[in-house]
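See below for work14.txt, which holds compact mmCIF, C-alpha atoms.
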```
# COMPACT_ATOMS: atom_id res chain seq x y z
CA MET A 1 -4.89 -2.17 37.42
CA HIS A 2 -3.20 -1.52 40.77
CA GLY A 3 -3.43 2.09 41.93
CA THR A 4 0.30 2.75 41.91
CA ARG A 5 0.47 1.65 38.26
CA TRP A 6 -1.78 4.59 37.34
CA PHE A 7 0.56 6.95 39.20
CA PHE A 8 3.66 5.52 37.51
CA SER A 9 2.34 5.49 33.96
CA ALA A 10 0.57 8.85 34.03
CA GLY A 11 3.39 10.52 35.96
CA THR A 12 6.00 9.19 33.55
CA GLY A 13 3.89 10.22 30.57
CA ALA A 14 3.53 13.73 31.97
CA LEU A 15 7.28 14.12 32.49
CA ILE A 16 8.09 12.76 29.02
CA GLY A 17 5.42 14.97 27.45
CA VAL A 18 6.76 18.05 29.26
CA ALA A 19 10.31 17.21 28.16
CA VAL A 20 9.11 16.95 24.55
CA VAL A 21 7.35 20.32 24.80
CA VAL A 22 10.43 22.02 26.26
CA ALA A 23 12.69 20.48 23.62
CA LEU A 24 10.37 21.51 20.78
CA ASP A 25 10.01 25.01 22.13
CA LEU A 26 13.78 25.39 22.46
CA SER A 27 14.30 24.01 18.94
CA TYR A 28 11.86 26.48 17.42
CA ARG A 29 13.48 29.34 19.30
CA LEU A 30 16.93 28.36 18.02
CA LEU A 31 15.61 27.90 14.46
CA GLY A 32 13.92 31.27 14.68
CA LYS A 33 17.12 32.97 15.81
CA SER A 34 19.10 31.23 13.07
CA LYS A 35 16.60 32.29 10.42
CA SER A 36 16.58 35.88 11.67
CA ALA A 37 20.37 35.99 11.51
CA THR A 38 20.40 34.97 7.84
CA GLU A 39 17.66 37.37 6.69
CA PRO A 40 18.67 40.77 5.25
CA ALA A 41 18.50 43.62 7.73
CA ASN A 42 15.69 45.38 5.82
CA THR A 43 13.55 42.23 5.62
CA VAL A 44 10.41 42.19 7.72
CA PRO A 45 10.64 39.05 9.92
CA SER A 46 8.14 36.45 8.88
CA SER A 47 5.81 34.99 11.45
CA ARG A 48 7.40 31.91 12.94
CA SER A 49 5.35 28.74 13.03
CA GLY A 50 5.66 26.13 15.73
CA ILE A 51 5.09 26.08 19.46
CA SER A 52 5.20 29.36 21.32
CA LEU A 53 5.15 29.86 25.06
CA GLN A 54 1.57 31.10 24.71
CA ASP A 55 0.37 28.11 22.70
CA TRP A 56 -1.09 26.26 25.69
CA ARG A 57 -3.51 24.14 23.67
CA THR A 58 -0.76 22.50 21.62
CA LYS A 59 1.49 21.92 24.63
CA THR A 60 -1.33 20.62 26.78
CA ALA A 61 -2.37 18.24 24.00
CA ILE A 62 1.18 16.83 23.82
CA ILE A 63 1.39 16.31 27.58
CA VAL A 64 -2.10 14.84 27.92
CA GLY A 65 -1.49 12.63 24.90
CA SER A 66 1.75 11.36 26.39
CA MET A 67 0.00 10.60 29.70
CA ALA A 68 -2.76 8.75 27.87
CA VAL A 69 -0.33 6.68 25.81
CA TYR A 70 1.76 5.65 28.80
CA THR A 71 -1.34 4.81 30.85
CA LEU A 72 -2.79 2.78 27.97
CA ILE A 73 0.48 0.90 27.53
CA ALA A 74 0.62 0.08 31.24
CA TYR A 75 -2.98 -1.08 31.21
CA SER A 76 -2.72 -3.15 28.03
CA HIS A 77 0.43 -4.87 29.30
CA GLN A 78 -1.03 -5.73 32.68
CA PRO A 79 0.04 -9.33 33.40
CA ALA A 80 -2.58 -11.88 34.34
CA HIS A 81 -0.74 -12.42 37.58
CA VAL A 82 1.62 -9.91 39.16
CA ALA A 83 4.42 -11.47 41.17
CA GLU A 84 3.82 -11.20 44.89
CA ALA A 85 6.56 -10.60 47.42
CA PRO A 86 8.46 -13.85 48.00
CA PRO A 87 8.39 -15.38 51.47
CA ALA A 88 10.84 -13.52 53.65
CA PRO A 89 13.48 -15.24 55.77
CA ALA A 90 12.46 -15.59 59.38
CA ASP A 91 15.12 -13.16 60.58
CA SER A 92 14.41 -10.46 57.97
CA VAL A 93 12.01 -8.63 60.29
CA ALA A 94 14.92 -7.93 62.60
CA THR A 95 17.09 -6.61 59.77
CA LEU A 96 14.90 -3.72 58.61
CA ASP A 97 17.13 -0.72 58.01
CA ASN A 98 16.49 3.02 58.10
CA GLY A 99 20.08 4.00 57.42
CA PRO A 100 21.58 5.57 54.28
CA ILE A 101 21.91 3.66 51.02
CA ASP A 102 23.99 4.47 47.94
CA ILE A 103 22.26 4.91 44.58
CA SER A 104 23.33 5.99 41.10
CA VAL A 105 21.28 8.31 38.88
CA GLY A 106 22.59 8.50 35.34
CA GLY A 107 26.07 7.63 36.61
CA THR A 108 25.96 10.22 39.41
CA ALA A 109 26.45 8.72 42.88
CA LEU A 110 23.89 9.84 45.47
CA THR A 111 23.05 8.93 49.05
CA PHE A 112 19.46 8.35 50.14
CA VAL A 113 18.24 8.24 53.74
CA PRO A 114 14.61 7.19 54.40
CA PRO A 115 12.36 9.66 56.26
CA ALA A 116 11.87 9.35 60.01
CA ASN A 117 9.99 6.16 60.97
CA TYR A 118 10.50 4.73 57.46
CA CYS A 119 12.72 1.78 56.56
CA THR A 120 14.02 0.65 53.19
CA TYR A 121 12.54 -2.56 51.83
CA PRO A 122 14.59 -5.65 52.71
CA ALA A 123 16.34 -7.34 49.79
CA PRO A 124 13.70 -10.05 49.02
CA LEU A 125 10.84 -7.53 49.00
CA MET A 126 12.85 -4.98 47.01
CA GLN A 127 13.67 -7.64 44.44
CA SER A 128 9.98 -8.44 44.15
CA VAL A 129 9.21 -4.74 43.59
CA LEU A 130 11.83 -4.53 40.82
CA ILE A 131 10.50 -7.68 39.12
CA GLN A 132 6.92 -6.42 39.29
CA GLN A 133 7.74 -2.93 38.05
CA ALA A 134 9.85 -4.30 35.19
CA LYS A 135 6.56 -5.77 33.90
CA VAL A 136 4.21 -2.85 34.52
CA ASN A 137 6.44 0.21 34.93
CA ALA A 138 9.49 -0.36 32.75
CA ASP A 139 9.80 3.34 31.88
CA ASN A 140 11.12 4.31 35.32
CA ALA A 141 14.40 3.46 37.02
CA ILE A 142 13.57 2.70 40.66
CA TYR A 143 16.39 3.40 43.10
CA ALA A 144 14.74 2.81 46.47
CA ALA A 145 11.49 1.63 48.04
CA PHE A 146 10.71 2.48 51.64
CA GLY A 147 7.75 2.26 53.99
CA ASP A 148 6.51 2.82 57.51
CA CYS A 149 8.75 0.55 59.60
CA ASN A 150 5.95 -0.98 61.68
CA GLU A 151 3.79 -1.63 58.63
CA LEU A 152 6.77 -2.99 56.75
CA ARG A 153 7.37 -5.56 59.49
CA ASP A 154 3.79 -6.79 59.09
CA THR A 155 4.14 -6.87 55.31
CA VAL A 156 7.36 -8.86 55.46
CA ALA A 157 5.71 -11.35 57.81
CA SER A 158 2.33 -11.67 56.09
CA GLN A 159 2.89 -10.25 52.57
CA SER A 160 0.00 -7.83 53.10
CA ARG A 161 -0.39 -4.68 51.01
CA MET A 162 1.70 -1.66 52.00
CA ARG A 163 -0.46 1.40 52.69
CA ASP A 164 2.17 3.96 53.70
CA PHE A 165 5.25 3.85 51.50
CA GLY A 166 7.44 5.72 49.06
CA LEU A 167 9.62 5.31 45.98
CA LEU A 168 12.60 7.17 44.60
CA MET A 169 12.95 7.03 40.82
CA THR A 170 13.57 8.80 37.49
CA PRO A 171 12.05 8.28 34.03
CA LYS A 172 14.67 6.36 32.07
CA ALA A 173 14.31 8.73 29.12
CA LEU A 174 15.50 11.62 31.32
CA MET A 175 17.96 9.99 33.70
CA ASN A 176 21.08 10.88 31.67
CA GLN A 177 20.06 14.47 31.03
CA LYS A 178 21.53 17.31 33.07
CA PHE A 179 19.06 19.38 35.08
CA ASP A 180 19.53 22.52 37.12
CA LYS A 181 16.87 24.28 39.20
CA ALA A 182 15.81 26.45 36.26
CA ALA A 183 15.30 23.39 34.05
CA VAL A 184 13.18 21.65 36.70
CA ASP A 185 11.18 24.85 37.21
CA GLN A 186 10.59 25.01 33.46
CA LEU A 187 9.34 21.42 33.44
CA ALA A 188 6.95 22.27 36.27
CA ALA A 189 5.76 25.48 34.59
CA VAL A 190 5.02 23.77 31.26
CA SER A 191 3.16 20.94 33.00
CA VAL A 192 0.51 23.26 34.46
CA ASP A 193 -2.90 22.77 32.86
CA PRO A 194 -4.01 26.30 31.86
CA SER A 195 -7.67 25.36 32.33
CA THR A 196 -7.08 24.91 36.08
CA VAL A 197 -4.62 27.74 36.72
CA LYS A 198 -7.26 29.90 38.41
CA ASP A 199 -8.91 27.03 40.25
CA THR A 200 -8.37 26.92 43.98
CA LEU A 201 -7.02 23.75 45.54
CA ASP A 202 -10.48 23.03 46.96
CA GLN A 203 -11.96 23.28 43.45
CA ARG A 204 -9.33 20.92 42.09
CA PHE A 205 -9.97 18.46 44.92
CA ALA A 206 -13.69 18.51 44.12
CA THR A 207 -13.06 18.02 40.39
CA ALA A 208 -10.58 15.19 40.96
CA GLU A 209 -12.89 13.36 43.37
CA ASN A 210 -15.88 13.73 41.03
CA LYS A 211 -13.87 12.13 38.22
CA LEU A 212 -12.68 9.27 40.38
CA SER A 213 -14.21 5.82 40.07
CA LEU A 214 -13.01 2.29 40.78
CA GLN A 215 -9.82 1.41 38.92
CA SER A 216 -9.22 5.03 37.96
CA PHE A 217 -6.70 7.81 38.40
CA SER A 218 -7.17 11.56 38.84
CA ALA A 219 -4.55 14.35 38.95
CA LEU A 220 -4.73 17.38 41.25
CA GLY A 221 -1.82 19.16 39.59
CA ILE A 222 0.68 21.26 41.52
CA VAL A 223 -0.23 21.55 45.21
CA ASP A 224 2.91 23.27 46.51
CA ARG A 225 6.39 24.38 45.58
CA ASP A 226 9.50 25.64 47.34
CA ASP A 227 13.15 26.33 46.54
CA ARG A 228 13.89 22.60 46.45
CA ALA A 229 11.05 21.06 44.47
CA THR A 230 7.60 21.23 42.91
CA TYR A 231 4.94 18.99 44.47
CA PHE A 232 2.20 17.28 42.45
CA ALA A 233 -0.71 15.26 43.89
CA TYR A 234 -2.80 12.37 42.55
CA LEU A 235 -5.72 10.25 43.70
CA SER A 236 -6.66 6.73 42.70
CA LYS A 237 -9.20 4.04 43.47
CA SER A 238 -8.32 0.40 43.10
CA GLN A 239 -8.88 -2.96 44.69
CA ASP A 240 -7.02 -6.06 45.77
CA ALA A 241 -7.96 -9.34 47.38
CA THR A 242 -9.16 -7.52 50.51
CA GLY A 243 -11.47 -5.12 48.64
CA ALA A 244 -11.53 -1.58 47.25
CA PHE A 245 -9.27 1.17 48.58
CA SER A 246 -8.51 4.82 47.84
CA GLN A 247 -4.95 6.05 47.69
CA ALA A 248 -3.31 9.46 47.59
CA CYS A 249 0.10 10.20 46.12
CA VAL A 250 2.44 13.19 46.25
CA MET A 251 5.31 13.43 43.77
CA ALA A 252 8.16 15.85 44.45
CA MET A 253 10.11 16.76 41.31
CA THR A 254 13.62 17.98 42.10
CA GLN A 255 17.22 17.90 40.91
CA ILE A 256 20.15 16.62 42.93
CA LYS A 257 23.68 17.15 41.61
CA GLY A 258 22.29 17.91 38.17
CA ARG A 259 20.05 14.82 37.93
CA LEU A 260 16.26 14.74 37.86
CA VAL A 261 14.83 12.79 40.81
CA THR A 262 11.15 12.11 41.48
CA TYR A 263 10.28 11.40 45.11
CA TYR A 264 6.91 9.64 45.55
CA LEU A 265 4.95 9.13 48.78
CA TYR A 266 1.72 7.10 48.97
CA ALA A 267 -0.93 6.64 51.64
CA ASP A 268 -4.49 5.29 51.84
CA TYR A 269 -7.27 7.72 52.68
CA GLY A 270 -10.91 7.51 53.73
CA LYS A 271 -13.63 9.93 52.63
CA ASP A 272 -11.56 13.13 52.47
CA PRO A 273 -8.04 13.06 50.97
CA ARG A 274 -7.14 16.66 51.85
CA SER A 275 -5.46 16.06 55.19
CA VAL A 276 -3.62 13.01 53.82
CA ILE A 277 -2.32 14.97 50.81
CA MET A 278 -1.16 17.88 52.99
CA GLY A 279 0.56 15.45 55.34
CA LEU A 280 2.31 13.76 52.43
CA VAL A 281 3.44 17.16 51.11
CA GLN A 282 5.11 17.97 54.43
CA LYS A 283 6.78 14.55 54.52
CA ALA A 284 7.94 14.97 50.92
CA LYS A 285 9.40 18.41 51.70
CA ALA A 286 11.36 16.97 54.61
CA GLY A 287 12.49 14.04 52.45
CA VAL A 288 13.66 16.24 49.57
CA ASN A 289 15.47 18.54 51.99
CA ASP A 290 17.23 15.56 53.59
CA LEU A 291 18.14 14.20 50.16
CA ALA A 292 19.70 17.54 49.19
CA GLN A 293 21.59 17.92 52.47
CA HIS A 294 22.99 14.39 52.42
CA ASN A 295 24.30 15.04 48.91
CA GLY A 296 25.64 18.53 49.47
CA ALA A 297 23.12 20.06 47.10
```
Rendering of file as structure tokens:
Amino acid sequence: MHGTRWFFSAGTGALIGVAVVVALDLSYRLLGKSKSATEPANTVPSSRSGISLQDWRTKTAIIVGSMAVYTLIAYSHQPAHVAEAPPAPADSVATLDNGPIDISVGGTALTFVPPANYCTYPAPLMQSVLIQQAKVNADNAIYAAFGDCNELRDTVASQSRMRDFGLLMTPKALMNQKFDKAAVDQLAAVSVDPSTVKDTLDQRFATAENKLSLQSFSALGIVDRDDRATYFAYLSKSQDATGAFSQACVMAMTQIKGRLVTYYLYADYGKDPRSVIMGLVQKAKAGVNDLAQHNGA
């Protein structure tokens, strides 16, 4: 399974699982308040069953289970042959664009501008991405694909694999829901694995790399956060016709005009992914900041 497919399926599963946990927790809180309001004043409140904010084992099980299910679905539905990018017109190399594009997230109009030195995929390549992801990543709505302009020119000409690229998308199950900063922060807080809360980033890097093998995926968890977004990191190992490769991914989870947006950046790495991850984090921060500014958020 291609490395990005692991990122998509596990990342989508995590977001869906977190949303389920938040919804269940809110439901139990509301039910608890309703029950308390109907009980006589002199009645000792009964212990409320369900999911509490301290019940990390139950919440973690839901999130991990959701990740596993989505990853299994993506793997089991892997097509025998994934559509490659169609041959590009001869003049398409000259028409690469790094200007703004209009997108719609759950009916909300947004403007996206690629990061510096990145260009949006030309129409034939973007269409190929959408066709491919409809087969292996149908749970996400993909609004834009963009990559290093120089590398993208080579890819358009030779249909080689992109090594430095990004995607803007939202899980379809969440795209019509309203999100403010507090709601996104709550999603991020619930998604933290309590078993790694006290682990340093170096410890999490070591654990993730030890778990990594060919055709596998490993999560580093939250690697940074700021006023705009929370930043998660992932590692994967995969292979294509040219051989095995290792890839790092940073996902920024943010809200723009009340809509959840996930901003992914990918890059290959050699023996040590640390510097690549930290570089992607800085690029993602700049990208999220630009996205907010261009949309008045």
For a quick check of understanding, using all atoms listed in the file, which of A:Asn98, A:Thr207, A:Gln255, A:Thr262 has the smallest distance to Phe232 (chain A)?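 Of all the options, A:Thr262 lies closest to Phe232 (chain A).
Atom to atom, CA of Thr200 (chain A) and CA of Asp224 (chain A) stand 12.1 Å apart.
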Could you work out how far CA of Thr254 (chain A) lies from CA of Phe165 (chain A), giving the answer in Å with one decimal? 18.9 Å
One decimal, Å: what's the distance from CA of Tyr231 (chain A) over to CA of Met251 (chain A), could you say?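 Taking CA of Tyr231 (chain A) and CA of Met251 (chain A), their separation equals 5.6 Å.
With distances taken over all atoms listed in the file, A:Asp202 is the one residue among A:Asp240, A:Asp290, A:Asp227, A:Asp202 lying closest to Ser275 (chain A).
Residue nearest Leu96 (chain A) within the list A:Ala241, A:Cys149, A:Leu130, A:Ile142: A:Cys149 [criterion: smallest interatomic distance, all atoms listed in the file].
Here the question is which of A:Met253, A:Val281, A:Ala267, A:Leu201 gets nearest to Leu168 (chain A) using only C-alpha atoms, and that residue is A:Met253.
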Would you pick out the contacts of region 109-120 of chain A at 7 Å or less, using only C-alpha atoms, so that residues sharing its chain but fewer than 4 positions from it are not included, and give the list as a ChimeraX atom specification? /A:96-105,145-149,287,291,294-295
Since the input lacks atoms, please generate N, CA and C atoms for region 111-143 of chain A and provide them as a short mmCIF file (atom, residue, chain, number, x, y, z; two decimals), keeping the file's coordinate frame.
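Now in out.cif:
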```
data_model
loop_
_atom_site.label_atom_id
_atom_site.label_comp_id
_atom_site.auth_asym_id
_atom_site.auth_seq_id
_atom_site.Cartn_x
_atom_site.Cartn_y
_atom_site.Cartn_z
N THR A 111 23.38 9.63 47.81
CA THR A 111 23.05 8.93 49.05
C THR A 111 21.61 9.22 49.41
N PHE A 112 20.86 8.19 49.74
CA PHE A 112 19.46 8.35 50.14
C PHE A 112 19.26 7.83 51.56
N VAL A 113 18.59 8.63 52.38
CA VAL A 113 18.24 8.24 53.74
C VAL A 113 16.72 8.28 53.87
N PRO A 114 16.07 7.18 54.27
CA PRO A 114 14.61 7.19 54.40
C PRO A 114 14.13 8.23 55.41
N PRO A 115 12.91 8.72 55.28
CA PRO A 115 12.36 9.66 56.26
C PRO A 115 12.27 9.02 57.65
N ALA A 116 12.03 9.84 58.65
CA ALA A 116 11.87 9.35 60.01
C ALA A 116 10.73 8.34 60.07
N ASN A 117 10.97 7.25 60.77
CA ASN A 117 9.99 6.16 60.97
C ASN A 117 9.76 5.33 59.71
N TYR A 118 10.56 5.55 58.67
CA TYR A 118 10.50 4.73 57.46
C TYR A 118 11.75 3.87 57.36
N CYS A 119 11.60 2.68 56.80
CA CYS A 119 12.72 1.78 56.56
C CYS A 119 12.74 1.39 55.09
N THR A 120 13.93 1.14 54.57
CA THR A 120 14.02 0.65 53.19
C THR A 120 13.56 -0.81 53.14
N TYR A 121 13.02 -1.18 52.00
CA TYR A 121 12.54 -2.56 51.83
C TYR A 121 13.72 -3.53 51.95
N PRO A 122 13.54 -4.64 52.67
CA PRO A 122 14.59 -5.65 52.71
C PRO A 122 14.78 -6.26 51.33
N ALA A 123 15.94 -6.87 51.12
CA ALA A 123 16.34 -7.34 49.79
C ALA A 123 15.29 -8.21 49.08
N PRO A 124 14.69 -9.22 49.75
CA PRO A 124 13.70 -10.05 49.02
C PRO A 124 12.50 -9.25 48.54
N LEU A 125 12.01 -8.33 49.39
CA LEU A 125 10.84 -7.53 49.00
C LEU A 125 11.21 -6.53 47.93
N MET A 126 12.40 -5.93 48.03
CA MET A 126 12.85 -4.98 47.01
C MET A 126 13.00 -5.68 45.67
N GLN A 127 13.53 -6.88 45.68
CA GLN A 127 13.67 -7.64 44.44
C GLN A 127 12.32 -7.91 43.82
N SER A 128 11.33 -8.21 44.65
CA SER A 128 9.98 -8.44 44.15
C SER A 128 9.41 -7.17 43.51
N VAL A 129 9.67 -6.02 44.14
CA VAL A 129 9.21 -4.74 43.59
C VAL A 129 9.84 -4.51 42.21
N LEU A 130 11.13 -4.76 42.09
CA LEU A 130 11.83 -4.53 40.82
C LEU A 130 11.31 -5.46 39.73
N ILE A 131 11.04 -6.72 40.09
CA ILE A 131 10.50 -7.68 39.12
C ILE A 131 9.12 -7.24 38.67
N GLN A 132 8.27 -6.85 39.62
CA GLN A 132 6.92 -6.42 39.29
C GLN A 132 6.93 -5.19 38.41
N GLN A 133 7.74 -4.18 38.79
CA GLN A 133 7.74 -2.93 38.05
C GLN A 133 8.39 -3.07 36.68
N ALA A 134 9.28 -4.04 36.51
CA ALA A 134 9.85 -4.30 35.19
C ALA A 134 8.76 -4.73 34.22
N LYS A 135 7.68 -5.32 34.74
CA LYS A 135 6.56 -5.77 33.90
C LYS A 135 5.55 -4.65 33.64
N VAL A 136 5.30 -3.82 34.65
CA VAL A 136 4.21 -2.85 34.52
C VAL A 136 4.68 -1.40 34.52
N ASN A 137 5.96 -1.16 34.81
CA ASN A 137 6.44 0.21 34.93
C ASN A 137 7.89 0.29 34.44
N ALA A 138 8.12 -0.25 33.26
CA ALA A 138 9.49 -0.36 32.75
C ALA A 138 10.09 0.98 32.35
N ASP A 139 9.30 2.05 32.32
CA ASP A 139 9.80 3.34 31.88
C ASP A 139 10.52 4.12 32.97
N ASN A 140 10.45 3.65 34.22
CA ASN A 140 11.12 4.31 35.32
C ASN A 140 12.24 3.47 35.90
N ALA A 141 13.34 4.12 36.26
CA ALA A 141 14.40 3.46 37.02
C ALA A 141 14.11 3.69 38.50
N ILE A 142 13.91 2.61 39.24
CA ILE A 142 13.57 2.70 40.66
C ILE A 142 14.83 2.47 41.48
N TYR A 143 15.17 3.46 42.32
CA TYR A 143 16.39 3.40 43.10
C TYR A 143 16.16 2.90 44.52
#
```
